[in-house]
Structures are given as C-alpha cells and as structure tokens.
Amino acid sequence: MDIPAWLKSLEETGLASGIRASLYIFPILESVHVMALSVVFGTITIVDLRLLGLASTGRAFARMSSELLRMTWGAFAVAALTGTLMFMTNARVYYNNTPFRVKMMLLALAGLNMALFHLTAGRSVARWEKAPTAPGIARLSAGLSLTLWIAIVFAGRVIGFTTTGAQAKEVAPSPATNFDDFLTGGDDAPAPAPAPPSMAAAEDSTNFSIRTIMAAKVDPSGDYLFESIADIADEHGVTHKAPRSEAQWDTVRHHLQVLVDAEKLLVVPGRRAAEPGDRSSNPAVENEPEQVQKLLDSQHPDFVARAGRLREAATLGLRAVDARDTKALFGAITAIDKACESCHLHYWYPNDKRAHEAAQEEGGIIE
Amino acid sequence: MNDFAVWLSTTLPSIFLQTHEAWMIPIIQSLHIIGIGLAVGSVLMMTLRVLGRAGMDQTLLAIQSRFGPWLTGALCLLLASGGLLVVAEPVRELVTLSFWVKMVFVALLTAMAVTFQRSVRKQEQRWEQALVRRPGVRLMAMLVFVILGCIILLGRLIAYDHIWGHLSPATKA
C-alpha cells in the first residue's frame, strides 16, 4: 500500500474523524502531550546533568537513573500515544511537514544515542557510578541527549505554526497558474504540481474549503482592487491613484470578474469553512473553523445573500470599468470592501470589537 | 483588561515581537516549554520524595537543596518567557479565561513551593520523622500534581479559549 493512501485511510478512521469533530478532544490531547513531554524532558535532564557532573554529583548513578528512567518511559508512552492520535487527524499534512520530519529524525537520534550509551559507558556503571563525573563517552552522550531533547521541543512547537497558516500561504496564486481551471477542474486543467497535501487530495472543486477559495481567488483579486484606486496624500501633495492605461483597466476588469464569479463558488451547498485541521491563528477574536461551520450550516440563506452583495458590488465595478468612470469604480470598490467586512464580521470574527467599531464608523455594517 | 491588552499591543516591544513573530513566538514558546520541563522535573523529585516514592537514598534536605534552586530558576525562566509571550500577543493571552485561572494556580503552586522549602530548611528533623507521614501533608503533595496538571492544561487552552463557551471573555463582543 502506498503511503499517501495509507495516510488518507488513517485520516478517515472513525477515531480520527471523531477527534476532528470534537471541540475538546484535540486541545486535551495536546495538553496531555505537553504534560508527558515535560516529565520526559524534566527527568532526562536530571540524569544528563548528573552524567555531566553538573548536579546531583553526590548520588550514585545506577539507583537514581533507574528510578528516573521508569518515569521517563511511562511519560514517553503517553506522549507517543497522544502524538499518534493528533497525527491521525491530519496525517498527510503532518507527514509532509518539514518540522514534523525533523522532530521524528531527532527522536530517532535520541534513541540511537541512548542505545550507544548503554553499549558503552552503561556496561561499566558499577565502576564509575559513585564518581562525581562520568567517563568521557557518557558525558558526550549526556550532552548530545540534552541538545537533542531541546531541539525536539523546538521542532515540536514549530509544527503547530507551520501546519495551519502554511496551507493558506502555499495556495496563493502565482501569475503562471490559472486558478479558474484549477478550481473548477476543467478537462484541460493543468496538474497543480506544487499543491500542498490537503489540496492534492481534493478530487474536484467542491472539496475545496471556503478558506482555500478565499486564499486562492478572492483575497488576491480583492487586494489588487483595493490597491488600484486611492487618494495618496504625502509631501508631494495629493495624488489620485487610478487605472490609466488600457492594460490597467483590463486587469481591474479581470479581478472584478473573479469576484463576480466567486459567489457561485462560495455558495455551493456542503462547502466546508476550512480544511481539516485548520485552526484560527487568533482565537481570542476569531471563530474557530467549527464555529464558522456551525453558523454557515444554520444560516445558509444569509450566507447566500451576503455572497450576492459581493457579486452586486463587483458588477457595479464592471459597469464603472466599461464607462472608464474612476469615481464610480471607487464607489464600487468601497462597496466590495463593505460586503467582505460585514460577512467576515458575522461569520469569522464576530468577537472583534475593534473591527466592529471601525465598520460602524465607516457606516459599512450591513446586518 | 481588553483596553489594556489593546494598548499593550501598540507599544514598541510588542510591535517588535509582532513583526518578528514568525520566529520569535515559536522560540519563546519552546523556552517556556523547556522551563515547564525543568519545573515539572524538580517538583516531581521533591514531591515524590515527600511521598516516599523516589530519592529515598537522600535526605529531604538534600533533595530540597538539589532541586529547590532549579525550581526557582525554572520559575524565573517561565515568568520571563511568559511575560514576553503576553507582550507579543496581549489580546490572545489576556482576554482569555484560561490565562487568568492559570495565573491563580501558578500563584498557589508558588506559595506552596516557598512554604514547603522554607519549612524543610527550618525543621528538617520534624519533616523527616513526622510530617511526611501526616495524611494532610501527603494529600497536599498529591494536590501538587493536580495543580501542576491544571497549569499545563490551562496554558495550552489559552489557544483554545472558546471551549469555555460564554465563560470566555474572548467570545464576548
């Protein structure tokens, strides 16, 4: 069996989907993982410092280490179990994640280091265990062990930072990629070679989450439009920034068309809020994907209406482009901004006080 | 607290950490976890010695003088790295239920550690001969593990404060 298929089947087990569906299980697994690893790290450090002759130098090594390593192994088993359960919920993403691979490699090295210690200085413990410092080879092994475990903690923490935000970043369009073909899965669609694992796994566009479509299509076009027209006040006075050449008007038209078409993509029934395993990077003000999903499921007609506002505002923009009317275009882009923000405030960050205040000041909140 | 957190997020040190967050936050969080490991190891050794489950080849005072300073050092590392995390992400940390309940437990555990260590240094004989056998003392020792577990759990739950539902200030507009 090939590895990606096996990883996919891991993700599809009842156990993995049960953990994903629960609001509580993943955070609790993570917490127990931290408790277990702190016992592993804490006890190993005590043993290593003894070997290095930096602490507990008056204690005989054998009794002390056997007492401590019992705890280390018990805690390691708990960490391995909770780690495996977390891995199952998003196996393909973790498997392809570099910090995860580095962490597994470091764990293997730590195991190897321990085996080498037992085969060398470990054989003659009785001879040196009462001396304040262990033989050179044991000190080397202890230094390596401390370094490896610090690196393991660091790699482990980085996994959490590179498996959520990274997906959205990686799908940002490059000029060479035609995302219309990519997302609608046209017959002549080019194979999306650099796609991250969660994307590669999707069979057709209905499998993409709203978050992915936003990152791939809506955000880049929105950002282009918001930048395309402005009054810039600086030391040179006030400059009006607006499309001037035919090529610039064409590009604005293209991005408006993307937003007009985005409505149909966004409102597909059953479309998920985010990819499995996605977490909010700012949960104090943002809803987590499962909360967004709940809102979407219970208020689909409202979501359809809000997506309609985006299409209407973008259609106004297309008319302004046809008339080469920069003032009307500015109005349409402001309306697009408000359509985006009011929907985000409703579904994505309803707890963001500052964003609410800003939206009210601009008179943009449409509830 | 919300206003304070918002203000803190506009100060220079906070903005520095925010603009370098791609590496700063994982590094500071890793140092924080290393601090937790050192604290857990030290607390484990002292508490298990009181319960007679480890380190019985050593006197209680010897165990205290080996691990007490390491616990103090770990606590300093935790306060420093934790403080930096608050400065880096004030709203994410301060506008949560988990953070404040965690602080209550941290204060409680610190008070217990200080009391225990002072008492052992002052009346070593009484601890060795009588106190370690008292049910109340043994209960307190076991309570230490519960508090330690709660601190770690709540620390991780800062990132998931919404699980407290309406109790979390993060869910209030």
# chains A, B, ... in the order shown; residues from 1 in each chain; ligands from 1
call {"tool": "residues_around", "arguments": {"residues": "Ser42 (chain B)", "least_positions_apart": "2", "cutoff": "10 Å", "atoms": "only C-alpha atoms", "output": "list in words"}}
result
Val39, Gly42, Thr43 and Ile46 of chain A; Ile36, Gly37, Leu38, Ala39, Val40, Leu44, Met45, Met46, Thr47, Leu48, Ile63, Gln64, Arg66, Phe67, Gly68, Pro69, Trp70, Leu71, Thr72 and Ala74 of chain B
call {"tool": "residues_around", "arguments": {"residues": "region 144-159 of chain B", "least_positions_apart": "2", "cutoff": "7 Å", "atoms": "only C-alpha atoms", "output": "VMD selection string"}}
result
(chain A and resid 27 31 35 283) or (chain B and resid 93 96 98 to 99 102 105 to 106 140 to 142 161)
call {"tool": "residues_around", "arguments": {"residues": "Phe117 (chain A)", "least_positions_apart": "3", "cutoff": "10 Å", "atoms": "only C-alpha atoms", "output": "list in words"}}
result
Gly111, Leu112, Asn113, Met114, Thr120, Ala121, Gly122, Arg123, Ile137, Ala138, Arg139, Leu140, Ser141 and Ala142 of chain A
call {"tool": "write_last_selection", "arguments": {"atoms": "N, CA and C atoms", "output": "PDB file, in the first residue's frame"}}
result
ATOM      1  N   GLY A 111      17.102   8.153  20.457  1.00  0.00           N
ATOM      2  CA  GLY A 111      17.024   6.720  20.769  1.00  0.00           C
ATOM      3  C   GLY A 111      18.365   6.037  20.521  1.00  0.00           C
ATOM      4  N   LEU A 112      18.963   6.379  19.375  1.00  0.00           N
ATOM      5  CA  LEU A 112      20.258   5.812  18.993  1.00  0.00           C
ATOM      6  C   LEU A 112      21.330   6.188  20.028  1.00  0.00           C
ATOM      7  N   ASN A 113      21.293   7.445  20.441  1.00  0.00           N
ATOM      8  CA  ASN A 113      22.248   7.960  21.421  1.00  0.00           C
ATOM      9  C   ASN A 113      22.144   7.174  22.732  1.00  0.00           C
ATOM     10  N   MET A 114      20.874   6.888  23.120  1.00  0.00           N
ATOM     11  CA  MET A 114      20.653   6.152  24.356  1.00  0.00           C
ATOM     12  C   MET A 114      21.202   4.727  24.229  1.00  0.00           C
ATOM     13  N   THR A 120      28.132   1.338  25.697  1.00  0.00           N
ATOM     14  CA  THR A 120      29.489   1.764  26.073  1.00  0.00           C
ATOM     15  C   THR A 120      29.605   1.976  27.584  1.00  0.00           C
ATOM     16  N   ALA A 121      29.461   3.225  28.025  1.00  0.00           N
ATOM     17  CA  ALA A 121      29.650   3.536  29.445  1.00  0.00           C
ATOM     18  C   ALA A 121      28.638   2.802  30.329  1.00  0.00           C
ATOM     19  N   GLY A 122      27.461   2.514  29.757  1.00  0.00           N
ATOM     20  CA  GLY A 122      26.414   1.835  30.526  1.00  0.00           C
ATOM     21  C   GLY A 122      26.846   0.477  31.029  1.00  0.00           C
ATOM     22  N   ARG A 123      27.807  -0.163  30.307  1.00  0.00           N
ATOM     23  CA  ARG A 123      28.254  -1.505  30.694  1.00  0.00           C
ATOM     24  C   ARG A 123      29.127  -1.490  31.957  1.00  0.00           C
ATOM     25  N   ILE A 137      32.876   9.304  27.392  1.00  0.00           N
ATOM     26  CA  ILE A 137      31.876   8.859  26.428  1.00  0.00           C
ATOM     27  C   ILE A 137      30.453   9.078  26.975  1.00  0.00           C
ATOM     28  N   ALA A 138      30.301   8.893  28.300  1.00  0.00           N
ATOM     29  CA  ALA A 138      28.988   9.097  28.923  1.00  0.00           C
ATOM     30  C   ALA A 138      28.654  10.585  28.962  1.00  0.00           C
ATOM     31  N   ARG A 139      29.677  11.416  29.188  1.00  0.00           N
ATOM     32  CA  ARG A 139      29.436  12.871  29.200  1.00  0.00           C
ATOM     33  C   ARG A 139      29.044  13.343  27.811  1.00  0.00           C
ATOM     34  N   LEU A 140      29.696  12.817  26.798  1.00  0.00           N
ATOM     35  CA  LEU A 140      29.371  13.159  25.417  1.00  0.00           C
ATOM     36  C   LEU A 140      27.911  12.794  25.121  1.00  0.00           C
ATOM     37  N   SER A 141      27.561  11.585  25.530  1.00  0.00           N
ATOM     38  CA  SER A 141      26.212  11.098  25.303  1.00  0.00           C
ATOM     39  C   SER A 141      25.181  11.970  26.026  1.00  0.00           C
ATOM     40  N   ALA A 142      25.514  12.405  27.247  1.00  0.00           N
ATOM     41  CA  ALA A 142      24.587  13.244  28.019  1.00  0.00           C
ATOM     42  C   ALA A 142      24.415  14.610  27.358  1.00  0.00           C
TER      43      ALA A 142
END
call {"tool": "residues_around", "arguments": {"residues": "Leu8 (chain B)", "least_positions_apart": "4", "cutoff": "9 Å", "atoms": "only C-alpha atoms", "output": "PDB file with N, CA and C atoms, in the first residue's frame"}}
result
ATOM      1  N   ASP B   3      -8.946  46.820  27.081  1.00  0.00           N
ATOM      2  CA  ASP B   3      -8.323  48.076  26.660  1.00  0.00           C
ATOM      3  C   ASP B   3      -6.823  48.048  26.932  1.00  0.00           C
ATOM      4  N   PHE B   4      -6.452  47.470  28.099  1.00  0.00           N
ATOM      5  CA  PHE B   4      -5.033  47.356  28.428  1.00  0.00           C
ATOM      6  C   PHE B   4      -4.317  46.492  27.387  1.00  0.00           C
ATOM      7  N   LEU B  12       6.049  49.663  21.657  1.00  0.00           N
ATOM      8  CA  LEU B  12       7.192  49.292  20.814  1.00  0.00           C
ATOM      9  C   LEU B  12       7.662  47.843  20.994  1.00  0.00           C
ATOM     10  N   PRO B  13       7.883  47.369  22.260  1.00  0.00           N
ATOM     11  CA  PRO B  13       8.355  45.986  22.393  1.00  0.00           C
ATOM     12  C   PRO B  13       7.370  44.997  21.777  1.00  0.00           C
ATOM     13  N   SER B  14       6.064  45.289  21.959  1.00  0.00           N
ATOM     14  CA  SER B  14       5.056  44.390  21.402  1.00  0.00           C
ATOM     15  C   SER B  14       5.124  44.395  19.885  1.00  0.00           C
ATOM     16  N   VAL B  86       3.108  37.403  26.573  1.00  0.00           N
ATOM     17  CA  VAL B  86       1.999  38.334  26.809  1.00  0.00           C
ATOM     18  C   VAL B  86       2.243  39.634  26.044  1.00  0.00           C
ATOM     19  N   VAL B  87       3.500  40.119  26.083  1.00  0.00           N
ATOM     20  CA  VAL B  87       3.802  41.358  25.358  1.00  0.00           C
ATOM     21  C   VAL B  87       3.625  41.150  23.851  1.00  0.00           C
ATOM     22  N   ALA B  88       3.993  39.954  23.372  1.00  0.00           N
ATOM     23  CA  ALA B  88       3.913  39.702  21.932  1.00  0.00           C
ATOM     24  C   ALA B  88       2.471  39.562  21.453  1.00  0.00           C
ATOM     25  N   GLU B  89       1.628  38.945  22.266  1.00  0.00           N
ATOM     26  CA  GLU B  89       0.243  38.714  21.836  1.00  0.00           C
ATOM     27  C   GLU B  89      -0.722  39.048  22.972  1.00  0.00           C
ATOM     28  N   PRO B  90      -0.818  40.330  23.365  1.00  0.00           N
ATOM     29  CA  PRO B  90      -1.583  40.683  24.554  1.00  0.00           C
ATOM     30  C   PRO B  90      -3.050  40.255  24.492  1.00  0.00           C
ATOM     31  N   VAL B  91      -3.686  40.465  23.349  1.00  0.00           N
ATOM     32  CA  VAL B  91      -5.119  40.155  23.284  1.00  0.00           C
ATOM     33  C   VAL B  91      -5.328  38.648  23.360  1.00  0.00           C
TER      34      VAL B  91
END
call {"tool": "closest_residue", "arguments": {"among": "B:Val137, B:Glu21, B:Ser30, B:Thr10", "to": "chain A", "atoms": "only C-alpha atoms"}}
result
B:Ser30
call {"tool": "atom_distance", "arguments": {"atom1": "CA of Val95 (chain B)", "atom2": "CA of Val6 (chain B)"}}
result
9.9 Å
call {"tool": "residues_around", "arguments": {"residues": "region 50-61 of chain A", "least_positions_apart": "6", "cutoff": "6 Å", "atoms": "only C-alpha atoms", "output": "list in words"}}
result
Glu129, Lys130, Pro132, Thr133, Ala134 and Arg139 of chain A
